[in-house]
Structures are given as C-alpha cells and as structure tokens.
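A.B. asks: My file is coords-v3.cif. It has mmCIF, C-alpha atoms and all ligand atoms:
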data_structure
#
loop_
_atom_site.label_atom_id
_atom_site.label_comp_id
_atom_site.auth_asym_id
_atom_site.auth_seq_id
_atom_site.Cartn_x
_atom_site.Cartn_y
_atom_site.Cartn_z
CA MET A 1 -11.93 12.82 1.36
CA LEU A 2 -8.42 14.17 1.46
CA LYS A 3 -9.74 17.70 0.75
CA ASN A 4 -7.01 19.67 -0.98
CA ARG A 5 -4.11 17.76 0.47
CA GLN A 6 -1.37 16.73 -1.93
CA VAL A 7 -0.52 13.04 -1.92
CA GLY A 8 2.95 11.89 -2.92
CA LEU A 9 3.92 8.35 -3.86
CA VAL A 10 7.53 7.28 -4.03
CA GLY A 11 7.55 4.09 -6.12
CA THR A 12 4.83 3.26 -8.63
CA GLY A 13 5.15 -0.52 -8.71
CA ASN A 14 2.41 -3.01 -7.82
CA MET A 15 1.48 -1.36 -4.54
CA GLY A 16 1.99 2.21 -5.68
CA GLU A 17 -0.30 1.73 -8.65
CA ALA A 18 -2.94 -0.06 -6.55
CA LEU A 19 -3.01 2.86 -4.12
CA ILE A 20 -3.33 5.42 -6.93
CA HIS A 21 -6.19 3.39 -8.36
CA GLY A 22 -7.90 3.13 -4.97
CA LEU A 23 -7.55 6.83 -4.18
CA LEU A 24 -9.07 7.82 -7.52
CA HIS A 25 -11.70 5.08 -7.68
CA GLY A 26 -12.87 5.99 -4.16
CA HIS A 27 -12.95 9.69 -5.12
CA LEU A 28 -10.67 10.48 -2.19
CA CYS A 29 -8.77 12.94 -4.32
CA ARG A 30 -8.44 14.25 -7.84
CA PRO A 31 -5.64 13.08 -10.18
CA ASP A 32 -3.96 16.50 -9.91
CA GLN A 33 -3.59 15.97 -6.14
CA ILE A 34 -1.32 12.97 -6.71
CA LEU A 35 2.37 13.30 -7.56
CA CYS A 36 4.41 10.13 -7.94
CA SER A 37 8.01 9.26 -8.63
CA ASP A 38 9.84 6.20 -9.86
CA VAL A 39 13.28 5.34 -11.21
CA ARG A 40 11.68 3.75 -14.28
CA PRO A 41 10.70 6.48 -16.78
CA GLU A 42 8.53 4.07 -18.80
CA ARG A 43 6.62 3.03 -15.69
CA LEU A 44 6.05 6.65 -14.69
CA LYS A 45 4.83 7.48 -18.20
CA ALA A 46 2.39 4.58 -18.18
CA ILE A 47 1.00 5.57 -14.77
CA ARG A 48 0.62 9.22 -15.79
CA GLU A 49 -1.19 8.28 -18.99
CA LYS A 50 -3.46 5.73 -17.33
CA TYR A 51 -4.52 7.77 -14.29
CA GLY A 52 -3.87 11.40 -15.24
CA VAL A 53 -1.71 11.90 -12.14
CA LYS A 54 1.48 13.96 -12.04
CA GLY A 55 4.87 12.28 -12.20
CA THR A 56 8.51 13.14 -11.64
CA SER A 57 11.79 11.26 -11.65
CA HIS A 58 12.86 13.21 -8.53
CA ASN A 59 11.77 11.75 -5.20
CA THR A 60 12.66 15.03 -3.55
CA GLU A 61 10.04 16.87 -5.65
CA VAL A 62 7.38 14.47 -4.38
CA VAL A 63 8.35 15.25 -0.81
CA LYS A 64 8.57 19.00 -1.33
CA GLN A 65 5.14 19.21 -2.95
CA SER A 66 3.18 16.73 -0.80
CA ASP A 67 1.41 16.80 2.56
CA ILE A 68 1.08 13.01 2.72
CA ILE A 69 3.97 10.90 1.41
CA ILE A 70 3.59 7.19 0.82
CA LEU A 71 6.86 5.29 0.57
CA ALA A 72 6.17 2.31 -1.70
CA VAL A 73 9.64 1.12 -2.65
CA LYS A 74 11.19 -2.25 -1.79
CA PRO A 75 12.53 -2.55 1.78
CA GLN A 76 16.14 -2.78 0.59
CA ILE A 77 15.79 0.60 -1.20
CA MET A 78 14.27 2.40 1.79
CA LYS A 79 17.55 3.58 3.33
CA GLN A 80 18.71 5.06 0.04
CA VAL A 81 15.36 6.81 -0.47
CA VAL A 82 15.16 8.17 3.09
CA ASP A 83 18.75 9.46 2.83
CA GLU A 84 17.77 11.24 -0.37
CA ILE A 85 14.55 12.86 0.88
CA ALA A 86 15.40 13.46 4.57
CA LYS A 87 16.38 17.09 4.04
CA TYR A 88 12.82 17.93 2.93
CA LEU A 89 10.98 15.98 5.60
CA ASP A 90 9.59 17.59 8.73
CA LEU A 91 6.82 17.13 11.27
CA SER A 92 4.29 18.97 9.08
CA LYS A 93 4.23 16.05 6.64
CA LEU A 94 2.63 12.67 7.21
CA ILE A 95 4.86 9.84 6.00
CA ILE A 96 3.37 6.40 5.44
CA SER A 97 5.73 3.49 4.83
CA ILE A 98 4.46 0.19 3.48
CA ALA A 99 7.90 -1.44 3.33
CA ALA A 100 7.82 -4.90 4.89
CA GLY A 101 10.09 -5.37 7.88
CA VAL A 102 11.32 -1.77 8.12
CA PRO A 103 10.59 -0.37 11.61
CA LEU A 104 9.55 3.26 12.02
CA GLU A 105 12.54 3.75 14.31
CA ALA A 106 14.88 2.78 11.46
CA ILE A 107 13.32 5.41 9.18
CA GLU A 108 13.60 8.12 11.84
CA SER A 109 17.16 7.25 12.70
CA CYS A 110 18.10 7.20 9.01
CA ALA A 111 16.48 10.63 8.51
CA LYS A 112 18.17 11.85 11.73
CA LYS A 113 15.06 13.79 12.77
CA GLU A 114 11.69 13.36 14.43
CA LEU A 115 8.98 12.54 11.92
CA LYS A 116 5.24 11.98 11.76
CA LEU A 117 5.35 8.34 10.65
CA ILE A 118 2.84 5.58 10.06
CA ARG A 119 3.72 2.03 9.05
CA VAL A 120 1.22 -0.06 7.14
CA MET A 121 1.25 -3.68 6.04
CA PRO A 122 -1.19 -4.14 3.14
CA ASN A 123 -1.38 -7.13 0.81
CA ILE A 124 -1.40 -7.54 -2.95
CA CYS A 125 -5.20 -7.82 -3.02
CA VAL A 126 -5.26 -4.02 -2.79
CA SER A 127 -4.82 -4.23 -6.57
CA VAL A 128 -8.46 -5.42 -6.82
CA ARG A 129 -9.56 -3.24 -3.87
CA GLU A 130 -10.02 -6.27 -1.62
CA GLY A 131 -6.83 -5.91 0.34
CA VAL A 132 -6.44 -5.90 4.08
CA SER A 133 -4.04 -3.50 5.75
CA ALA A 134 -2.77 -3.24 9.32
CA ILE A 135 -1.89 0.30 10.38
CA ALA A 136 0.51 1.25 13.17
CA GLY A 137 1.14 4.83 14.26
CA GLY A 138 4.46 6.28 15.32
CA LYS A 139 5.14 8.47 18.33
CA HIS A 140 4.20 11.75 16.62
CA THR A 141 1.00 10.63 14.93
CA GLN A 142 -2.32 12.00 16.11
CA ARG A 143 -5.71 10.36 15.81
CA GLU A 144 -6.43 12.52 12.76
CA ASP A 145 -3.32 11.14 10.99
CA LEU A 146 -4.32 7.57 11.74
CA MET A 147 -7.83 8.19 10.45
CA LEU A 148 -6.37 9.69 7.29
CA ALA A 149 -4.26 6.56 6.75
CA LYS A 150 -7.33 4.41 7.40
CA THR A 151 -9.30 6.36 4.79
CA ILE A 152 -6.53 5.76 2.24
CA PHE A 153 -6.21 2.03 2.89
CA ASP A 154 -9.96 1.49 3.21
CA SER A 155 -10.14 2.73 -0.39
CA VAL A 156 -8.38 -0.50 -1.42
CA GLY A 157 -10.07 -2.94 0.97
CA LYS A 158 -10.31 -3.05 4.74
CA SER A 159 -7.94 -1.86 7.42
CA LEU A 160 -7.39 -2.10 11.14
CA PHE A 161 -5.09 -0.55 13.73
CA ILE A 162 -2.47 -2.56 15.58
CA GLU A 163 0.71 -1.98 17.59
CA GLU A 164 3.84 -1.75 15.47
CA TYR A 165 5.54 -4.73 17.16
CA LEU A 166 2.83 -6.99 15.66
CA LEU A 167 3.39 -5.92 12.06
CA ASP A 168 5.85 -8.71 11.24
CA ALA A 169 3.19 -11.21 12.34
CA VAL A 170 0.73 -9.47 10.00
CA THR A 171 3.29 -9.72 7.19
CA GLY A 172 3.40 -13.49 7.68
CA LEU A 173 -0.39 -13.81 7.86
CA SER A 174 -2.23 -11.42 5.53
CA GLY A 175 0.78 -9.72 3.88
CA SER A 176 1.98 -13.03 2.45
CA GLY A 177 -1.41 -14.75 2.80
CA PRO A 178 -2.52 -14.42 -0.83
CA ALA A 179 0.40 -16.67 -1.87
CA TYR A 180 -0.88 -19.47 0.42
CA ILE A 181 -4.39 -19.11 -0.97
CA PHE A 182 -3.07 -19.21 -4.56
CA LEU A 183 -1.36 -22.50 -3.68
CA ILE A 184 -4.61 -23.91 -2.30
CA ILE A 185 -6.52 -22.82 -5.41
CA ASP A 186 -3.82 -24.31 -7.64
CA ALA A 187 -3.95 -27.61 -5.73
CA LEU A 188 -7.77 -27.74 -5.91
CA ALA A 189 -7.61 -26.99 -9.63
CA ASP A 190 -4.96 -29.70 -10.21
CA ALA A 191 -7.13 -32.19 -8.38
CA GLY A 192 -10.10 -31.18 -10.54
CA VAL A 193 -8.12 -31.69 -13.73
CA LYS A 194 -6.93 -35.09 -12.48
CA VAL A 195 -10.53 -36.27 -12.22
CA GLY A 196 -11.55 -35.00 -15.65
CA LEU A 197 -12.54 -31.32 -15.36
CA SER A 198 -11.06 -28.74 -17.72
CA ARG A 199 -8.36 -26.41 -16.37
CA ASP A 200 -10.55 -23.34 -17.06
CA ASP A 201 -13.52 -24.82 -15.23
CA THR A 202 -11.46 -25.97 -12.25
CA LEU A 203 -9.95 -22.50 -11.81
CA ILE A 204 -13.40 -20.90 -11.76
CA LEU A 205 -14.72 -23.56 -9.37
CA ALA A 206 -11.75 -23.32 -7.00
CA SER A 207 -11.44 -19.51 -7.01
CA GLN A 208 -15.14 -18.85 -6.53
CA THR A 209 -15.24 -21.44 -3.73
CA VAL A 210 -12.48 -19.61 -1.85
CA LEU A 211 -14.15 -16.24 -2.45
CA GLY A 212 -17.55 -17.54 -1.34
CA ALA A 213 -16.15 -19.25 1.74
CA ALA A 214 -14.38 -16.06 2.81
CA LYS A 215 -17.49 -13.97 2.18
CA MET A 216 -19.58 -16.38 4.25
CA LEU A 217 -17.26 -16.02 7.23
CA ILE A 218 -17.21 -12.24 6.94
CA GLU A 219 -20.98 -11.89 6.53
CA THR A 220 -22.07 -14.44 9.14
CA GLY A 221 -19.29 -13.80 11.66
CA GLU A 222 -19.13 -17.57 12.17
CA HIS A 223 -15.95 -19.36 13.24
CA PRO A 224 -14.24 -21.22 10.36
CA GLY A 225 -13.46 -24.30 12.50
N1 LIG B 1 3.67 -6.66 -3.25
C1 LIG B 1 3.11 -7.05 -2.10
O1 LIG B 1 2.39 -8.05 -1.99
C2 LIG B 1 3.36 -6.23 -0.85
C3 LIG B 1 2.58 -6.46 0.29
C4 LIG B 1 2.80 -5.68 1.42
C5 LIG B 1 3.80 -4.71 1.42
N2 LIG B 1 4.56 -4.53 0.30
C6 LIG B 1 5.62 -3.53 0.33
O2 LIG B 1 5.33 -2.55 -0.64
C7 LIG B 1 6.55 -2.01 -1.14
C8 LIG B 1 6.47 -1.95 -2.66
O3 LIG B 1 6.27 -3.26 -3.14
P1 LIG B 1 5.88 -3.50 -4.66
O4 LIG B 1 5.49 -4.93 -4.76
O5 LIG B 1 4.95 -2.44 -5.13
O6 LIG B 1 7.32 -3.29 -5.35
P2 LIG B 1 7.63 -2.94 -6.87
O7 LIG B 1 6.53 -3.45 -7.74
O8 LIG B 1 9.03 -3.39 -7.11
O9 LIG B 1 7.56 -1.33 -6.91
C9 LIG B 1 8.59 -0.48 -6.46
C10 LIG B 1 8.85 0.54 -7.57
O10 LIG B 1 9.79 1.50 -7.06
C11 LIG B 1 10.81 1.66 -8.03
N3 LIG B 1 12.03 2.15 -7.40
C12 LIG B 1 13.20 1.48 -7.15
N4 LIG B 1 14.11 2.31 -6.60
C13 LIG B 1 13.51 3.53 -6.49
C14 LIG B 1 13.94 4.78 -6.01
N5 LIG B 1 15.17 4.96 -5.51
N6 LIG B 1 13.09 5.81 -6.08
C15 LIG B 1 11.83 5.67 -6.58
N7 LIG B 1 11.37 4.49 -7.06
C16 LIG B 1 12.20 3.43 -7.01
C17 LIG B 1 10.96 0.29 -8.62
O11 LIG B 1 11.71 0.30 -9.82
P3 LIG B 1 12.65 -1.02 -10.13
O12 LIG B 1 11.69 -2.12 -10.41
O13 LIG B 1 13.47 -0.59 -11.30
O14 LIG B 1 13.46 -1.29 -8.91
C18 LIG B 1 9.49 -0.09 -8.81
O15 LIG B 1 8.96 0.48 -9.99
C19 LIG B 1 7.67 -2.90 -0.62
O16 LIG B 1 8.39 -2.25 0.39
C20 LIG B 1 6.97 -4.11 -0.04
O17 LIG B 1 7.61 -4.63 1.10
C21 LIG B 1 4.36 -5.25 -0.83
#
With the file now loaded, output its structure as structure tokens.
C.D. replies:
Amino acid sequence: MLKNRQVGLVGTGNMGEALIHGLLHGHLCRPDQILCSDVRPERLKAIREKYGVKGTSHNTEVVKQSDIIILAVKPQIMKQVVDEIAKYLDLSKLIISIAAGVPLEAIESCAKKELKLIRVMPNICVSVREGVSAIAGGKHTQREDLMLAKTIFDSVGKSLFIEEYLLDAVTGLSGSGPAYIFLIIDALADAGVKVGLSRDDTLILASQTVLGAAKMLIETGEHPG
C-alpha cells in the first residue's frame, strides 16, 4: 500500500494508463491519490472518466502535488519535460522514469540538481498486468524507495532489481520481447491457416500455446532447452 502518498503520472499513454489501472486494481491507492497530466486534453478526459483519478494539463502541478512522480512520456520528450518540472523537484520526491534509453545521469544533469531517481524498464504486457519490469536505483535511493517502486510495478506483473548499466539489455530482451512473441504467434497462426485451420482457431491455438509454455517454465522452474 502507498498509504496516503500522492502519486503523479506525467504522460497517460499506453504505459501511463496501464500503471493507473494496476495501482487501482491492486488497491495500492485510491483514485484521489493519483494525479496525472498529458498534452492531449481528450486523453486526459478519458482517463479521468474511466478511473476517477485527477488530471491536469500542467506537468508542474503533478510534481508540486505528488510524493512519487512517474515519468511516462516518450524518451525524446524527456528533456523538455525535465526542463519544465525541474524547479519543483527536490530530494523529498521519488522520481521514477520508464523512458527507454534515458540514463538517470541524463535526467539529473538536465534538472541541474541531485534527485532521488529510479529507472524502470517495463514492457507492454503491464497493460494486462502480466508485465515484467527491471528496476534500477539511483545514487540517492534508499531500500524503502526501491521497495516502493517494486510494489508499484508488481501491481502490473513481476519485477526484479538490476544495475542500471544492464537496462539497455533488458530493453532488448523483455522491453521489446512482446513484439518477438507476437511475430512467433503470427507465424504459427499463418502456418495453421495454410494447412486448413480457421484464422480465429489458429490464433487461439497459437496464443494459448505460448501462454501455457511460459507458465510451465515459470511453475516448474525447468530449463526451456
Ligand atoms: N510501450 C512500451 O512497450 C514501453 C515499454 C517500456 C518502456 N516504455 C517507455 O514508456 C514511456 C511511455 O511510452 P508509451 O508507449 O506509454 O507512450 P505513449 O503511449 O506515446 O504515451 C505518452 C503520452 O504522453 C503524452 N505527452 C507528450 N508530450 C508530453 C508532455 N510534454 N507532457 C505530458 N505528456 C506528454 C503523449 O501525447 P502525444 O501522443 O500527443 O505525444 C502521450 O499521450 C516511453 O518513454 C517508453 O520508452 C514503453
């Protein structure tokens, strides 16, 4: 539980929405503890109506009012966002960035101050609460901060701790991994259609096979090879 801490989300796209869903579904916080911002008013409206969370078009408001701030904008927007919010950031706030390929050092040097930062690489499967996220702490994070981040990302799947220098490897493996698996499922389904099965049936057969195979490995602990 995040007790009475306020959670801020900058960016309510695919990942932002998945995290809101996970936080609420896992009863980690109440809707009124979440404040999110986005440049798209229609997106913000939809998220507010669907989840009952608070929304603002000002990223700075999110930062001012939150104890934990999750930066969920595209990597190329990060500098612009950090420039905008830097004035309101300090070591009392925990900042979690999920932007692929953006080192914690780059965020700190952009903000021109020391910050309590955590970098996380989740994957798109967080949208069905079966994601996997690798969490790396920055130089000012304490064990309590890391555990807080783990609680958040465990609400949308599983998570583990790693050193920050390994996060790009994680991006290539599990961060982008769902795309490889979709290709495999698509190929299996195409092959099924070629030998006479219907497209609908092949997609069920291929998807459930991948799900079952993964579950077997997780539950038995056996090596896939
Ligand atoms: N999707 C994945 O599989 C995945 C996996 C791991 C990590 N990540 C990371 O997660 C982050 C978010 O990815 P996503 O897929 O959720 O992206 P997304 O769907 O594009 O969501 C980002 C949202 O932020 C909005 N935005 C743009 N500029 C903004 C600003 N200045 N202030 C506030 N909001 C702004 C975007 O609006 P516009 O659309 O108008 O720009 C969009 O609604 C990225 O950094 C990505 O590297 C994604």
A.B. asks: Tell me which of A:Gln208, A:Ser97, A:Ser159, A:Ser174 sits closest to A:Ile70, counting all atoms listed in the file.
C.D. replies: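 Residue with the minimum atom-to-atom distance to A:Ile70: A:Ser97.
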A.B. asks: May I ask for the distance between atom C18 of ligand LIG 1 (chain B) and atom CA of A:Val39, given in Å to one decimal place?
C.D. replies: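 Separation of atom C18 of ligand LIG 1 (chain B) and atom CA of A:Val39: 7.0 Å.
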A.B. asks: To one decimal in Å, tell me the separation between atom C14 of ligand LIG 1 (chain B) and atom CA of A:Ser37.
C.D. replies: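 Atom C14 of ligand LIG 1 (chain B) sits 7.9 Å away from atom CA of A:Ser37.
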A.B. asks: Pull the closest atom pair for each residue of chain A that gets at most 9 Å from ligand LIG 1 (chain B), along with the distance in Å to one decimal, counting all atoms listed in the file, ordering rows by chain and then ascending residue number, as a Markdown table.
C.D. replies:
| residue | atom | partner | partner_atom | distance |
| --- | --- | --- | --- | --- |
| A:Leu9 | CA | B:LIG1 | C15 | 8.8 |
| A:Val10 | CA | B:LIG1 | C15 | 5.3 |
| A:Gly11 | CA | B:LIG1 | O10 | 3.6 |
| A:Thr12 | CA | B:LIG1 | C10 | 5.0 |
| A:Gly13 | CA | B:LIG1 | O9 | 3.1 |
| A:Asn14 | CA | B:LIG1 | O5 | 3.7 |
| A:Met15 | CA | B:LIG1 | O5 | 3.7 |
| A:Gly16 | CA | B:LIG1 | O5 | 5.5 |
| A:Glu17 | CA | B:LIG1 | O5 | 7.6 |
| A:Ala18 | CA | B:LIG1 | O5 | 8.4 |
| A:Cys36 | CA | B:LIG1 | C15 | 8.8 |
| A:Ser37 | CA | B:LIG1 | C15 | 5.6 |
| A:Asp38 | CA | B:LIG1 | N7 | 3.6 |
| A:Val39 | CA | B:LIG1 | N7 | 4.6 |
| A:Arg40 | CA | B:LIG1 | O13 | 5.6 |
| A:Arg43 | CA | B:LIG1 | O15 | 6.7 |
| A:Leu44 | CA | B:LIG1 | O15 | 8.3 |
| A:Ser57 | CA | B:LIG1 | C15 | 7.5 |
| A:His58 | CA | B:LIG1 | N6 | 7.8 |
| A:Asn59 | CA | B:LIG1 | N6 | 6.1 |
| A:Leu71 | CA | B:LIG1 | C7 | 7.5 |
| A:Ala72 | CA | B:LIG1 | C7 | 4.4 |
| A:Val73 | CA | B:LIG1 | C9 | 4.3 |
| A:Lys74 | CA | B:LIG1 | O16 | 3.5 |
| A:Pro75 | CA | B:LIG1 | O16 | 4.4 |
| A:Gln76 | CA | B:LIG1 | O16 | 7.8 |
| A:Ile77 | CA | B:LIG1 | N4 | 5.9 |
| A:Met78 | CA | B:LIG1 | O16 | 7.6 |
| A:Gln80 | CA | B:LIG1 | N5 | 6.6 |
| A:Val81 | CA | B:LIG1 | N5 | 5.4 |
| A:Glu84 | CA | B:LIG1 | N5 | 8.5 |
| A:Ser97 | CA | B:LIG1 | O16 | 7.7 |
| A:Ile98 | CA | B:LIG1 | C6 | 5.0 |
| A:Ala99 | CA | B:LIG1 | O16 | 3.1 |
| A:Ala100 | CA | B:LIG1 | O17 | 3.8 |
| A:Gly101 | CA | B:LIG1 | O17 | 7.3 |
| A:Val102 | CA | B:LIG1 | O16 | 8.3 |
| A:Val120 | CA | B:LIG1 | C5 | 7.8 |
| A:Met121 | CA | B:LIG1 | C4 | 5.3 |
| A:Pro122 | CA | B:LIG1 | C4 | 4.6 |
| A:Asn123 | CA | B:LIG1 | C3 | 4.0 |
| A:Ile124 | CA | B:LIG1 | O1 | 3.9 |
| A:Cys125 | CA | B:LIG1 | O1 | 7.7 |
| A:Val126 | CA | B:LIG1 | O1 | 8.7 |
| A:Ser133 | CA | B:LIG1 | C4 | 8.4 |
| A:Thr171 | CA | B:LIG1 | C4 | 7.1 |
| A:Ser174 | CA | B:LIG1 | C4 | 8.7 |
| A:Gly175 | CA | B:LIG1 | C4 | 5.1 |
| A:Ser176 | CA | B:LIG1 | O1 | 6.7 |
| A:Pro178 | CA | B:LIG1 | O1 | 8.1 |
| A:Ala179 | CA | B:LIG1 | O1 | 8.8 |
A.B. asks: Would you compute the box with edges along x, y and z of the file around stretch 213-224 of chain A, including every atom the file lists for it and 6 Å extra on each side, and give its centre and edge lengths in Å to one decimal, as lines of an AutoDock Vina configuration file?
C.D. replies:
center_x = -18.2
center_y = -16.6
center_z = 7.5
size_x = 19.8
size_y = 21.3
size_z = 23.5
A.B. asks: Provide the atom CA of A:Lys50 to atom CA of A:Val132 distance in Å, to one decimal place.
C.D. replies: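 Going from atom CA of A:Lys50 over to atom CA of A:Val132 covers 24.5 Å.
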A.B. asks: Rank A:Gly172, A:Met1, A:Phe153, A:Glu130 by their smallest atom-to-atom distance to A:Ala214, using only C-alpha atoms, and report the top residue only.
C.D. replies: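 For A:Ala214, the nearest of the candidates is A:Glu130.
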A.B. asks: For A:Asp67, work out the shell of residues within 8 Å, counting all atoms listed in the file and skipping chain neighbours fewer than 5 positions away, then give it as a PyMOL selection string.
C.D. replies: chain A and resi 5-8+92-94
A.B. asks: At a cut-off of 10 Å, using only C-alpha atoms, what residues contact A:Pro103? Leave out same-chain residues fewer than 2 positions from it and give the result as a ChimeraX atom specification.
C.D. replies: /A:97,99-101,105-108,118-119,138,164-165,167-168
A.B. asks: With distances taken over all atoms listed in the file, which residue among A:Lys113, A:Lys87, A:Lys45, A:Lys79 lies nearest A:Val63?
C.D. replies: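 Of A:Lys113, A:Lys87, A:Lys45, A:Lys79, the one nearest A:Val63 is A:Lys87, counting all atoms listed in the file.
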A.B. asks: Restricting the calculation to only C-alpha atoms, which member of A:Leu28, A:Leu205, A:Asp200, A:Glu144 is positioned closest to A:Leu188?
C.D. replies: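 Selected residue with least distance to A:Leu188: A:Leu205.
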A.B. asks: Using all atoms listed in the file, which protein or nucleic acid residues come within 9 Å of A:Gly137? Drop anything in the same chain fewer than 5 positions from it, and give the result as an MDAnalysis selection string.
C.D. replies: chainID A and resid 104 116:120 142:143 145:146 161:164
A.B. asks: Limited to C-alpha atoms, could you put the picked residues into a file as a PDB file, in the frame of the given file?
C.D. replies:
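So the final result, stored in out21.pdb, reads:
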ATOM      1  CA  LEU A 104       9.550   3.260  12.020  1.00  0.00           C
ATOM      2  CA  LYS A 116       5.240  11.980  11.760  1.00  0.00           C
ATOM      3  CA  LEU A 117       5.350   8.340  10.650  1.00  0.00           C
ATOM      4  CA  ILE A 118       2.840   5.580  10.060  1.00  0.00           C
ATOM      5  CA  ARG A 119       3.720   2.030   9.050  1.00  0.00           C
ATOM      6  CA  VAL A 120       1.220  -0.060   7.140  1.00  0.00           C
ATOM      7  CA  GLN A 142      -2.320  12.000  16.110  1.00  0.00           C
ATOM      8  CA  ARG A 143      -5.710  10.360  15.810  1.00  0.00           C
ATOM      9  CA  ASP A 145      -3.320  11.140  10.990  1.00  0.00           C
ATOM     10  CA  LEU A 146      -4.320   7.570  11.740  1.00  0.00           C
ATOM     11  CA  PHE A 161      -5.090  -0.550  13.730  1.00  0.00           C
ATOM     12  CA  ILE A 162      -2.470  -2.560  15.580  1.00  0.00           C
ATOM     13  CA  GLU A 163       0.710  -1.980  17.590  1.00  0.00           C
ATOM     14  CA  GLU A 164       3.840  -1.750  15.470  1.00  0.00           C
TER      15      GLU A 164
END
A.B. asks: Given all atoms listed in the file as the basis, pick out the residue of A:Ile34, A:Leu91, A:Leu166, A:Ala134 nearest to A:Ser66.
C.D. replies: A:Ile34
A.B. asks: Please provide the set of residues having any atom within 12 Å of A:Arg199, restricted to all atoms listed in the file, with same-chain residues fewer than 6 positions apart removed, written as a list in words.
C.D. replies: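 Answer for this query is Ile185, Asp186, Ala187, Leu188, Ala189, Asp190, Ala191, Gly192, Val193, Leu205 and Ala206 of chain A.
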A.B. asks: With C-alpha atoms retained, export the selected residues as a short mmCIF file (atom, residue, chain, number, x, y, z; two decimals), in the frame of the given file.
C.D. replies:
data_model
loop_
_atom_site.label_atom_id
_atom_site.label_comp_id
_atom_site.auth_asym_id
_atom_site.auth_seq_id
_atom_site.Cartn_x
_atom_site.Cartn_y
_atom_site.Cartn_z
CA ILE A 185 -6.52 -22.82 -5.41
CA ASP A 186 -3.82 -24.31 -7.64
CA ALA A 187 -3.95 -27.61 -5.73
CA LEU A 188 -7.77 -27.74 -5.91
CA ALA A 189 -7.61 -26.99 -9.63
CA ASP A 190 -4.96 -29.70 -10.21
CA ALA A 191 -7.13 -32.19 -8.38
CA GLY A 192 -10.10 -31.18 -10.54
CA VAL A 193 -8.12 -31.69 -13.73
CA LEU A 205 -14.72 -23.56 -9.37
CA ALA A 206 -11.75 -23.32 -7.00
#
A.B. asks: For a quick check of understanding, using only C-alpha atoms, which of A:Ile204, A:Gly177, A:Val82, A:Tyr88 has the smallest distance to A:Glu61?
C.D. replies: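 Checking each of A:Ile204, A:Gly177, A:Val82, A:Tyr88 against A:Glu61, counting only C-alpha atoms, the winner is A:Tyr88.
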